[in-house]
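Just my_file-v4.txt here, compact mmCIF, C-alpha atoms:
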# COMPACT_ATOMS: atom_id res chain seq x y z
CA MET A 662 -26.08 -3.90 -13.57
CA PRO A 663 -23.25 -1.58 -14.65
CA THR A 664 -20.22 -3.32 -16.17
CA PRO A 665 -17.41 -3.91 -13.65
CA VAL A 666 -14.47 -1.53 -14.03
CA SER A 667 -11.67 -2.61 -16.34
CA SER A 668 -8.16 -3.31 -15.12
CA ASP A 669 -7.06 -0.35 -17.20
CA LEU A 670 -9.32 2.04 -15.29
CA TYR A 671 -8.42 0.45 -11.94
CA THR A 672 -4.75 1.19 -12.61
CA GLN A 673 -5.50 4.71 -13.85
CA VAL A 674 -7.32 5.48 -10.61
CA GLN A 675 -4.33 4.21 -8.60
CA HIS A 676 -2.10 6.58 -10.56
CA PHE A 677 -4.58 9.44 -10.16
CA TYR A 678 -4.58 8.92 -6.38
CA ALA A 679 -0.78 8.80 -6.30
CA ARG A 680 -0.47 12.16 -8.08
CA GLN A 681 -3.28 13.67 -6.03
CA MET A 682 -1.94 12.67 -2.64
CA GLN A 683 1.68 13.53 -3.44
CA ALA A 684 0.35 17.00 -4.35
CA LEU A 685 -1.47 17.26 -1.01
CA ASP A 686 1.42 15.94 1.08
CA GLU A 687 3.87 18.29 -0.64
CA GLY A 688 1.60 21.28 -0.03
CA ARG A 689 0.59 21.85 -3.67
CA LEU A 690 -2.97 22.63 -2.60
CA GLU A 691 -4.15 24.23 -5.86
CA GLU A 692 -3.11 21.08 -7.71
CA TYR A 693 -5.10 19.01 -5.22
CA THR A 694 -8.25 21.10 -5.68
CA GLN A 695 -7.96 20.68 -9.46
CA THR A 696 -8.55 16.93 -8.97
CA PHE A 697 -12.17 17.74 -8.10
CA THR A 698 -14.91 18.63 -10.58
CA LYS A 699 -15.81 22.33 -10.59
CA ASP A 700 -18.76 21.67 -8.31
CA GLY A 701 -17.02 18.87 -6.42
CA SER A 702 -17.47 18.48 -2.68
CA PHE A 703 -14.92 17.54 -0.04
CA GLN A 704 -15.67 16.55 3.53
CA HIS A 705 -12.44 15.69 5.30
CA SER A 706 -14.01 15.00 8.69
CA PRO A 707 -17.46 13.66 9.48
CA ASP A 708 -18.21 16.51 11.91
CA ILE A 709 -17.78 19.39 9.48
CA ALA A 710 -19.92 20.48 6.54
CA PRO A 711 -18.53 19.60 3.11
CA ALA A 712 -16.71 22.31 1.15
CA VAL A 713 -18.30 22.66 -2.31
CA GLY A 714 -16.37 23.95 -5.31
CA ARG A 715 -12.64 24.28 -5.83
CA ASP A 716 -12.30 27.68 -4.14
CA ALA A 717 -14.12 26.49 -1.05
CA ILE A 718 -12.04 23.31 -0.95
CA LEU A 719 -8.84 25.35 -1.16
CA GLU A 720 -9.97 27.60 1.67
CA GLU A 721 -10.96 24.63 3.80
CA LEU A 722 -7.55 23.00 3.30
CA ARG A 723 -5.66 26.22 4.08
CA SER A 724 -7.70 26.65 7.22
CA PHE A 725 -7.13 23.01 8.25
CA LEU A 726 -3.39 23.21 7.64
CA LYS A 727 -3.01 26.37 9.71
CA LYS A 728 -2.81 24.23 12.81
CA TYR A 729 0.51 22.90 11.55
CA GLN A 730 2.05 26.30 10.83
CA ASP A 731 3.91 26.53 14.14
CA ASN A 732 4.32 22.80 14.28
CA PRO A 733 6.29 21.51 11.28
CA THR A 734 4.80 18.23 10.19
CA GLN A 735 5.33 16.04 7.14
CA ARG A 736 2.24 13.97 6.45
CA ARG A 737 2.03 11.02 4.08
CA HIS A 738 -1.26 9.48 3.01
CA PHE A 739 -1.05 5.75 2.30
CA PHE A 740 -3.96 4.38 0.26
CA ASN A 741 -4.75 0.68 0.17
CA GLN A 742 -7.41 -1.90 -0.67
CA MET A 743 -9.23 0.21 -3.25
CA VAL A 744 -12.67 -1.10 -4.29
CA LEU A 745 -14.30 0.47 -7.37
CA GLU A 746 -18.03 0.06 -8.07
CA PRO A 747 -19.63 1.52 -11.21
CA GLN A 748 -22.88 3.37 -10.56
CA GLU A 749 -26.00 3.51 -12.75
CA ASP A 750 -25.28 7.14 -13.69
CA GLY A 751 -21.85 6.31 -15.10
CA SER A 752 -19.89 7.52 -12.11
CA ILE A 753 -17.72 5.19 -10.03
CA ARG A 754 -17.84 4.72 -6.30
CA SER A 755 -14.40 4.24 -4.75
CA THR A 756 -13.89 2.96 -1.21
CA VAL A 757 -10.28 2.94 -0.12
CA TYR A 758 -8.31 2.69 3.14
CA ALA A 759 -6.15 5.70 3.96
CA LEU A 760 -3.53 5.58 6.68
CA ILE A 761 -1.85 8.85 7.52
CA VAL A 762 1.74 8.85 8.77
CA ARG A 763 2.87 12.03 10.53
CA VAL A 764 6.50 12.92 10.98
CA ARG A 765 7.51 15.68 13.38
CA PRO A 766 10.91 16.97 14.51
CA ASN A 767 12.60 14.71 17.04
CA GLU A 768 9.74 12.25 17.06
CA ARG A 769 9.25 8.83 15.55
CA PRO A 770 6.73 8.63 12.71
CA GLU A 771 3.24 8.34 14.09
CA VAL A 772 0.39 6.42 12.44
CA TRP A 773 -2.62 8.64 12.88
CA PRO A 774 -5.38 8.51 11.93
CA SER A 775 -6.65 5.40 10.17
CA THR A 776 -9.48 6.40 7.85
CA VAL A 777 -11.64 5.18 4.99
CA VAL A 778 -12.04 7.44 1.97
CA HIS A 779 -15.37 7.41 0.10
CA ASP A 780 -15.10 8.98 -3.34
CA VAL A 781 -17.41 9.39 -6.30
CA ILE A 782 -15.33 9.52 -9.47
CA GLU A 783 -16.23 10.94 -12.87
CA VAL A 784 -14.36 9.89 -15.99
CA THR A 785 -14.82 12.30 -18.91
CA ASP A 786 -12.84 11.88 -22.14
CA GLY A 787 -10.31 9.82 -20.22
CA GLU A 788 -9.86 12.44 -17.49
CA ILE A 789 -10.49 11.35 -13.90
CA LEU A 790 -11.98 13.84 -11.45
CA LEU A 791 -13.64 13.59 -8.05
CA ARG A 792 -17.27 14.61 -7.79
CA SER A 793 -17.14 14.09 -4.06
CA ARG A 794 -14.90 12.84 -1.26
CA SER A 795 -15.85 12.15 2.31
CA VAL A 796 -13.58 10.66 4.92
CA SER A 797 -14.66 8.46 7.81
CA TYR A 798 -12.43 7.85 10.82
CA ASP A 799 -11.73 4.50 12.42
CA GLN A 800 -11.03 6.12 15.75
CA LEU A 801 -13.49 4.70 18.23
CA VAL A 802 -14.70 7.06 20.90
CA MET B 1270 8.12 -22.56 -17.39
CA PRO B 1271 4.59 -21.22 -16.94
CA THR B 1272 3.88 -17.87 -18.62
CA PRO B 1273 4.27 -14.90 -16.27
CA VAL B 1274 0.99 -13.39 -15.12
CA SER B 1275 -0.47 -10.61 -17.24
CA SER B 1276 -0.89 -7.05 -15.97
CA ASP B 1277 -4.62 -7.57 -16.32
CA LEU B 1278 -4.58 -10.51 -13.90
CA TYR B 1279 -2.21 -8.72 -11.52
CA THR B 1280 -4.68 -5.84 -11.27
CA GLN B 1281 -7.65 -8.18 -10.90
CA VAL B 1282 -5.96 -9.87 -7.95
CA GLN B 1283 -5.35 -6.48 -6.32
CA HIS B 1284 -9.06 -5.71 -6.67
CA PHE B 1285 -10.00 -9.17 -5.39
CA TYR B 1286 -7.86 -8.61 -2.27
CA ALA B 1287 -9.39 -5.17 -1.72
CA ARG B 1288 -12.93 -6.56 -1.76
CA GLN B 1289 -11.93 -9.56 0.33
CA MET B 1290 -10.18 -7.62 3.07
CA GLN B 1291 -12.79 -4.86 3.25
CA ALA B 1292 -15.31 -7.67 3.81
CA LEU B 1293 -13.18 -9.13 6.62
CA ASP B 1294 -12.45 -5.80 8.29
CA GLU B 1295 -16.15 -4.81 8.16
CA GLY B 1296 -17.18 -8.13 9.70
CA ARG B 1297 -18.86 -9.58 6.60
CA LEU B 1298 -17.43 -13.01 7.40
CA GLU B 1299 -19.64 -15.06 5.06
CA GLU B 1300 -18.50 -12.88 2.17
CA TYR B 1301 -14.90 -13.50 3.17
CA THR B 1302 -15.37 -17.27 3.25
CA GLN B 1303 -16.89 -17.15 -0.24
CA THR B 1304 -13.52 -15.96 -1.56
CA PHE B 1305 -12.17 -19.48 -0.93
CA THR B 1306 -12.81 -22.52 -3.10
CA LYS B 1307 -15.28 -24.99 -1.60
CA ASP B 1308 -12.44 -27.10 -0.29
CA GLY B 1309 -10.15 -24.14 0.35
CA SER B 1310 -7.95 -24.05 3.43
CA PHE B 1311 -7.10 -21.14 5.71
CA GLN B 1312 -4.36 -21.05 8.30
CA HIS B 1313 -4.30 -17.64 9.92
CA SER B 1314 -1.51 -18.44 12.39
CA PRO B 1315 1.40 -20.85 12.00
CA ASP B 1316 0.64 -22.59 15.30
CA ILE B 1317 -2.90 -23.69 14.52
CA ALA B 1318 -4.17 -26.35 12.13
CA PRO B 1319 -5.68 -25.02 8.88
CA ALA B 1320 -9.47 -24.77 8.63
CA VAL B 1321 -10.64 -26.64 5.52
CA GLY B 1322 -13.86 -25.75 3.68
CA ARG B 1323 -15.98 -22.62 3.92
CA ASP B 1324 -17.97 -23.70 6.99
CA ALA B 1325 -14.83 -24.52 8.92
CA ILE B 1326 -13.24 -21.23 7.88
CA LEU B 1327 -16.30 -19.32 9.05
CA GLU B 1328 -16.27 -21.11 12.40
CA GLU B 1329 -12.55 -20.45 12.82
CA LEU B 1330 -13.01 -16.75 12.13
CA ARG B 1331 -15.95 -16.45 14.51
CA SER B 1332 -13.93 -18.17 17.19
CA PHE B 1333 -10.91 -15.95 16.56
CA LEU B 1334 -12.95 -12.77 16.63
CA LYS B 1335 -14.62 -13.66 19.93
CA LYS B 1336 -11.64 -12.28 21.76
CA TYR B 1337 -12.62 -8.83 20.51
CA GLN B 1338 -16.23 -9.05 21.61
CA ASP B 1339 -15.70 -7.22 24.89
CA ASN B 1340 -12.94 -5.17 23.41
CA PRO B 1341 -14.18 -3.08 20.48
CA THR B 1342 -11.48 -3.03 17.82
CA GLN B 1343 -11.43 -1.85 14.24
CA ARG B 1344 -8.81 -3.71 12.26
CA ARG B 1345 -7.52 -2.78 8.80
CA HIS B 1346 -5.39 -5.12 6.71
CA PHE B 1347 -2.93 -3.31 4.45
CA PHE B 1348 -1.55 -5.46 1.63
CA ASN B 1349 1.62 -4.51 -0.23
CA GLN B 1350 4.37 -5.78 -2.51
CA MET B 1351 2.36 -8.58 -4.09
CA VAL B 1352 4.38 -11.15 -6.06
CA LEU B 1353 2.43 -13.56 -8.32
CA GLU B 1354 4.05 -16.75 -9.63
CA PRO B 1355 2.18 -19.08 -11.98
CA GLN B 1356 2.47 -22.77 -11.04
CA GLU B 1357 2.71 -25.78 -13.35
CA ASP B 1358 -0.84 -26.87 -12.45
CA GLY B 1359 -2.35 -23.57 -13.61
CA SER B 1360 -2.76 -22.09 -10.13
CA ILE B 1361 -0.95 -18.95 -9.03
CA ARG B 1362 1.19 -18.52 -5.96
CA SER B 1363 0.79 -15.12 -4.32
CA THR B 1364 3.18 -13.79 -1.71
CA VAL B 1365 2.13 -10.47 -0.24
CA TYR B 1366 2.97 -8.34 2.80
CA ALA B 1367 0.09 -7.68 5.18
CA LEU B 1368 0.30 -5.08 7.89
CA ILE B 1369 -2.58 -4.96 10.35
CA VAL B 1370 -3.55 -1.68 11.96
CA ARG B 1371 -5.68 -1.94 15.09
CA VAL B 1372 -7.75 0.92 16.41
CA ARG B 1373 -9.22 0.79 19.90
CA PRO B 1374 -11.17 3.33 21.95
CA ASN B 1375 -8.98 6.07 23.40
CA GLU B 1376 -5.83 4.63 21.92
CA ARG B 1377 -3.65 5.58 19.01
CA PRO B 1378 -3.73 3.18 16.04
CA GLU B 1379 -1.35 0.32 16.63
CA VAL B 1380 0.58 -1.50 13.92
CA TRP B 1381 0.38 -5.13 14.86
CA PRO B 1382 1.26 -7.61 13.60
CA SER B 1383 3.40 -7.48 10.46
CA THR B 1384 2.79 -10.64 8.45
CA VAL B 1385 3.35 -12.25 5.08
CA VAL B 1386 0.38 -13.88 3.37
CA HIS B 1387 0.99 -16.99 1.25
CA ASP B 1388 -1.92 -17.75 -1.07
CA VAL B 1389 -2.61 -20.23 -3.81
CA ILE B 1390 -5.08 -18.71 -6.27
CA GLU B 1391 -7.36 -20.44 -8.76
CA VAL B 1392 -8.79 -18.57 -11.72
CA THR B 1393 -11.80 -20.31 -13.28
CA ASP B 1394 -13.83 -18.64 -16.03
CA GLY B 1395 -12.46 -15.30 -14.91
CA GLU B 1396 -13.40 -15.85 -11.27
CA ILE B 1397 -10.64 -15.61 -8.68
CA LEU B 1398 -10.79 -17.85 -5.61
CA LEU B 1399 -8.31 -18.91 -2.95
CA ARG B 1400 -7.39 -22.57 -2.79
CA SER B 1401 -5.33 -21.90 0.31
CA ARG B 1402 -4.05 -19.13 2.52
CA SER B 1403 -1.45 -19.35 5.23
CA VAL B 1404 -0.08 -16.44 7.19
CA SER B 1405 3.44 -16.18 8.60
CA TYR B 1406 4.33 -13.66 11.30
CA ASP B 1407 7.35 -11.39 11.31
CA GLN B 1408 7.32 -11.22 15.06
CA LEU B 1409 10.65 -12.56 16.27
CA VAL B 1410 10.59 -14.47 19.51
CA MET C 1455 5.90 15.83 -24.39
CA PRO C 1456 6.60 12.13 -23.83
CA THR C 1457 3.55 9.87 -23.91
CA PRO C 1458 2.15 9.11 -20.44
CA VAL C 1459 2.93 5.60 -19.20
CA SER C 1460 0.44 2.87 -20.03
CA SER C 1461 -1.54 1.01 -17.39
CA ASP C 1462 0.32 -2.10 -18.46
CA LEU C 1463 3.70 -0.56 -17.63
CA TYR C 1464 2.38 0.97 -14.39
CA THR C 1465 1.34 -2.49 -13.23
CA GLN C 1466 4.61 -4.07 -14.36
CA VAL C 1467 6.55 -1.56 -12.28
CA GLN C 1468 4.41 -2.40 -9.24
CA HIS C 1469 5.27 -6.06 -9.73
CA PHE C 1470 8.95 -5.24 -10.29
CA TYR C 1471 9.03 -3.33 -6.98
CA ALA C 1472 7.29 -6.17 -5.17
CA ARG C 1473 9.88 -8.71 -6.31
CA GLN C 1474 12.73 -6.30 -5.68
CA MET C 1475 11.73 -5.37 -2.15
CA GLN C 1476 10.81 -8.92 -1.11
CA ALA C 1477 14.35 -9.85 -2.23
CA LEU C 1478 15.85 -7.06 -0.11
CA ASP C 1479 13.72 -7.77 2.96
CA GLU C 1480 14.51 -11.49 2.76
CA GLY C 1481 18.23 -10.81 2.50
CA ARG C 1482 18.66 -11.91 -1.12
CA LEU C 1483 21.03 -9.04 -1.76
CA GLU C 1484 22.52 -10.30 -5.05
CA GLU C 1485 19.00 -10.52 -6.46
CA TYR C 1486 18.38 -6.94 -5.36
CA THR C 1487 21.55 -5.65 -7.03
CA GLN C 1488 20.50 -7.35 -10.28
CA THR C 1489 17.50 -5.01 -10.44
CA PHE C 1490 19.92 -2.18 -11.27
CA THR C 1491 21.54 -1.57 -14.65
CA LYS C 1492 25.22 -2.54 -14.77
CA ASP C 1493 26.24 1.06 -14.17
CA GLY C 1494 23.26 1.82 -11.94
CA SER C 1495 23.63 4.01 -8.88
CA PHE C 1496 22.06 3.63 -5.43
CA GLN C 1497 22.01 6.26 -2.72
CA HIS C 1498 20.11 4.92 0.26
CA SER C 1499 20.64 7.96 2.47
CA PRO C 1500 21.06 11.62 1.46
CA ASP C 1501 24.27 12.01 3.48
CA ILE C 1502 26.30 9.28 1.81
CA ALA C 1503 27.78 9.14 -1.68
CA PRO C 1504 25.92 6.91 -4.17
CA ALA C 1505 27.26 3.42 -4.82
CA VAL C 1506 27.77 2.95 -8.57
CA GLY C 1507 27.65 -0.46 -10.24
CA ARG C 1508 26.25 -3.73 -8.94
CA ASP C 1509 29.36 -4.76 -7.01
CA ALA C 1510 29.53 -1.44 -5.21
CA ILE C 1511 25.79 -1.59 -4.43
CA LEU C 1512 26.22 -5.06 -2.97
CA GLU C 1513 29.12 -3.95 -0.81
CA GLU C 1514 27.20 -0.89 0.38
CA LEU C 1515 24.22 -3.02 1.36
CA ARG C 1516 26.36 -5.57 3.19
CA SER C 1517 28.06 -2.78 5.06
CA PHE C 1518 24.74 -1.13 5.92
CA LEU C 1519 23.19 -4.38 7.13
CA LYS C 1520 26.14 -5.17 9.40
CA LYS C 1521 24.59 -3.00 12.06
CA TYR C 1522 21.78 -5.52 12.34
CA GLN C 1523 24.04 -8.56 12.71
CA ASP C 1524 23.90 -8.61 16.52
CA ASN C 1525 20.43 -7.20 16.51
CA PRO C 1526 18.01 -9.48 14.67
CA THR C 1527 15.58 -7.33 12.73
CA GLN C 1528 12.97 -8.11 10.11
CA ARG C 1529 12.37 -5.12 7.90
CA ARG C 1530 9.49 -4.68 5.46
CA HIS C 1531 9.41 -1.93 2.88
CA PHE C 1532 5.89 -0.74 2.03
CA PHE C 1533 5.64 1.22 -1.23
CA ASN C 1534 2.68 3.44 -1.99
CA GLN C 1535 1.41 6.29 -4.18
CA MET C 1536 3.72 5.60 -7.11
CA VAL C 1537 3.91 8.38 -9.73
CA LEU C 1538 5.58 7.54 -13.07
CA GLU C 1539 6.73 10.29 -15.44
CA PRO C 1540 8.27 9.47 -18.82
CA GLN C 1541 11.42 11.46 -19.60
CA GLU C 1542 12.58 12.83 -22.95
CA ASP C 1543 15.38 10.24 -23.15
CA GLY C 1544 12.94 7.32 -22.89
CA SER C 1545 13.59 6.59 -19.23
CA ILE C 1546 10.88 6.88 -16.60
CA ARG C 1547 11.04 8.86 -13.38
CA SER C 1548 9.35 7.10 -10.48
CA THR C 1549 8.48 8.87 -7.23
CA VAL C 1550 7.05 6.57 -4.59
CA TYR C 1551 6.44 6.62 -0.84
CA ALA C 1552 8.29 3.97 1.15
CA LEU C 1553 7.44 3.22 4.73
CA ILE C 1554 9.72 0.81 6.53
CA VAL C 1555 8.36 -1.39 9.30
CA ARG C 1556 10.95 -2.91 11.64
CA VAL C 1557 10.24 -5.92 13.79
CA ARG C 1558 12.58 -6.88 16.60
CA PRO C 1559 12.42 -9.56 19.27
CA ASN C 1560 10.04 -8.75 22.10
CA GLU C 1561 9.09 -5.41 20.58
CA ARG C 1562 6.07 -4.15 18.75
CA PRO C 1563 6.57 -3.39 15.07
CA GLU C 1564 8.02 0.06 14.64
CA VAL C 1565 7.32 2.37 11.70
CA TRP C 1566 10.65 3.93 10.89
CA PRO C 1567 11.61 5.70 8.78
CA SER C 1568 9.14 7.28 6.37
CA THR C 1569 10.92 7.96 3.09
CA VAL C 1570 10.36 8.91 -0.54
CA VAL C 1571 12.12 6.84 -3.19
CA HIS C 1572 13.28 8.61 -6.37
CA ASP C 1573 14.06 6.16 -9.16
CA VAL C 1574 15.01 6.42 -12.80
CA ILE C 1575 13.78 3.34 -14.63
CA GLU C 1576 14.95 1.88 -17.92
CA VAL C 1577 12.76 -0.49 -19.90
CA THR C 1578 14.69 -2.51 -22.49
CA ASP C 1579 13.01 -5.30 -24.47
CA GLY C 1580 10.35 -5.48 -21.77
CA GLU C 1581 12.87 -5.79 -18.94
CA ILE C 1582 12.68 -3.21 -16.16
CA LEU C 1583 15.90 -2.07 -14.47
CA LEU C 1584 16.87 0.84 -12.26
CA ARG C 1585 19.38 3.32 -13.62
CA SER C 1586 19.39 5.10 -10.30
CA ARG C 1587 17.72 5.18 -6.91
CA SER C 1588 18.01 7.82 -4.24
CA VAL C 1589 16.07 7.91 -1.02
CA SER C 1590 15.00 11.04 0.85
CA TYR C 1591 13.91 10.93 4.48
CA ASP C 1592 10.85 12.61 5.94
CA GLN C 1593 12.46 12.80 9.34
CA LEU C 1594 12.63 16.47 10.28
CA VAL C 1595 15.65 17.54 12.28

Kindly present the structure from the file in structure tokens form.
Amino acid sequence: MPTPVSSDLYTQVQHFYARQMQALDEGRLEEYTQTFTKDGSFQHSPDIAPAVGRDAILEELRSFLKKYQDNPTQRRHFFNQMVLEPQEDGSIRSTVYALIVRVRPNERPEVWPSTVVHDVIEVTDGEILLRSRSVSYDQLV
Amino acid sequence: MPTPVSSDLYTQVQHFYARQMQALDEGRLEEYTQTFTKDGSFQHSPDIAPAVGRDAILEELRSFLKKYQDNPTQRRHFFNQMVLEPQEDGSIRSTVYALIVRVRPNERPEVWPSTVVHDVIEVTDGEILLRSRSVSYDQLV
Amino acid sequence: MPTPVSSDLYTQVQHFYARQMQALDEGRLEEYTQTFTKDGSFQHSPDIAPAVGRDAILEELRSFLKKYQDNPTQRRHFFNQMVLEPQEDGSIRSTVYALIVRVRPNERPEVWPSTVVHDVIEVTDGEILLRSRSVSYDQLV
């Protein structure tokens, strides 16, 4: 059994997520991609193949965000209820709720979608990076 | 005056809540009931009597969730702004916002209700358990 | 380069915010103003001048809340994704999402507005106080 995560690490991961998601929501996409390991993978929707590597992740994000280019939208990702589980290989599994709030001109903020983020985290010399992220959607079909 | 809670305990309670509410939202009801002391009490609405003991809590939850059985619903409990106050008897009073997001087929996520959770927490040999939980609703009549 | 904030301080600021915002949402306005330094400034909307000093902050809040006096409203401020950056002068810059949920009689909870809170925090002898707070709104015009 791996040792449970320390409170210190739990708090560091909260802070890591805060910096990471502020970068994404403010459009600093390169900064976001740097939060992944060099060979990290990112699957932002269950129905697409994961992007692997920082360049591919950047391209995927730019492509995804194109749909907003004629449709100004401020998005905010709210993370909550983060559970961290150490794995045998030294990595840490993180399972965290993510609620996205979208704000558009002349509209009230809209809560959409509600998701769960599944990360695998690597901590090397005190630096936190994502080995992988996949996002599942609560939306029921 | 009891000593204020340490940052270490504050973080541990955040993690405890994350595990507890992921269990509830994923339908692992037995796991949720195990987060209460053996004689713990749970009052999820102000207008019902509290359920006392893990078996009673489990029965109460099953009964409550029956209303969703023909109405598939994914609920997510978002906790925020947690205040911890040590009590004279060694327990800890926790007052925390809880916003519930409901997702139903072919509907946008709905924020309902907004509540405040009032817990009394026991810490024994490093293990966190709830002695009691009562939930108040913001909904104004 | 200032030293990054410790996990201990990060958690203390979370707890500080929880107490502060529960005070505001419960209408304990004097308690809220005491979370500012004596010469602290508070700008709750970009288009108004900041209130400077605790008395002025109290007056500003009372004036702002007058619009709810014939319109009972429970507000809850949800903070998320807090980034803390130490400054050269020893203060700490805090950038944190704040989502406000409004509950009114016979209405569903409403998410409005989505904001970002920009604080400058002073820590003196372990006590946390705000030197300044300004709030920016996501609402796009």

Determine which residues of chain A sit within 10 Å of chain C, taking into account all atoms listed in the file, and present them as a ChimeraX atom specification.
/A:668-683,733-741,762-772

Give me, as number ranges by chain, all polymer residues having an atom no more than 8 Å from region 698-712 of chain A, counting only C-alpha atoms and skipping those fewer than 3 positions away in the same chain.
A: 695, 715, 717-718, 721, 790-798

Within 12 Å of Arg1516 (chain C), counting all atoms listed in the file, which residues show up once you throw out same-chain ones fewer than 4 positions away? Write them as number ranges by chain, please.
C: 1478, 1481-1484, 1486-1487, 1509-1512, 1520-1523

Within 9 Å of Ser752 (chain A), counting all atoms listed in the file, which residues show up once you throw out same-chain ones fewer than 6 positions away? Write them as an MDAnalysis selection string, please.
chainID A and resid 746 781:784 792

Store the residues picked out above in a file with C-alpha atoms, as a compact mmCIF listing (two decimals), in the frame of the given file.
# COMPACT_ATOMS: atom_id res chain seq x y z
CA GLU A 746 -18.03 0.06 -8.07
CA VAL A 781 -17.41 9.39 -6.30
CA ILE A 782 -15.33 9.52 -9.47
CA GLU A 783 -16.23 10.94 -12.87
CA VAL A 784 -14.36 9.89 -15.99
CA ARG A 792 -17.27 14.61 -7.79

Between CA of His1572 (chain C) and CA of Glu788 (chain A), what distance in Å does the model show, to one decimal?
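Answer for the CA of His1572 (chain C) to CA of Glu788 (chain A) separation: 26.0 Å.
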
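Distance annotation: of B:Asn1340, B:Gly1395, B:Leu1334, B:Gln1356, the residue with the minimal separation from Asp1294 (chain B) is B:Leu1334; atom set is only C-alpha atoms.
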
Of the residues A:Thr696, A:Gly714, A:Asp780, A:Leu722, which is the one nearest to Pro747 (chain A), using all atoms listed in the file?
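Distance minimum relative to Pro747 (chain A) lands on A:Asp780.
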
Can you work out the spacing between CA of Asp1543 (chain C) and CA of Val1274 (chain B) in Å, to one decimal?
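Atom-to-atom, CA of Asp1543 (chain C) and CA of Val1274 (chain B) are spaced 28.8 Å apart.
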
Out of B:Asp1339, B:Ala1292, B:Val1321, B:Thr1393, which residue has the shortest atom-to-atom distance to Gly1359 (chain B) when counting only C-alpha atoms?
B:Thr1393
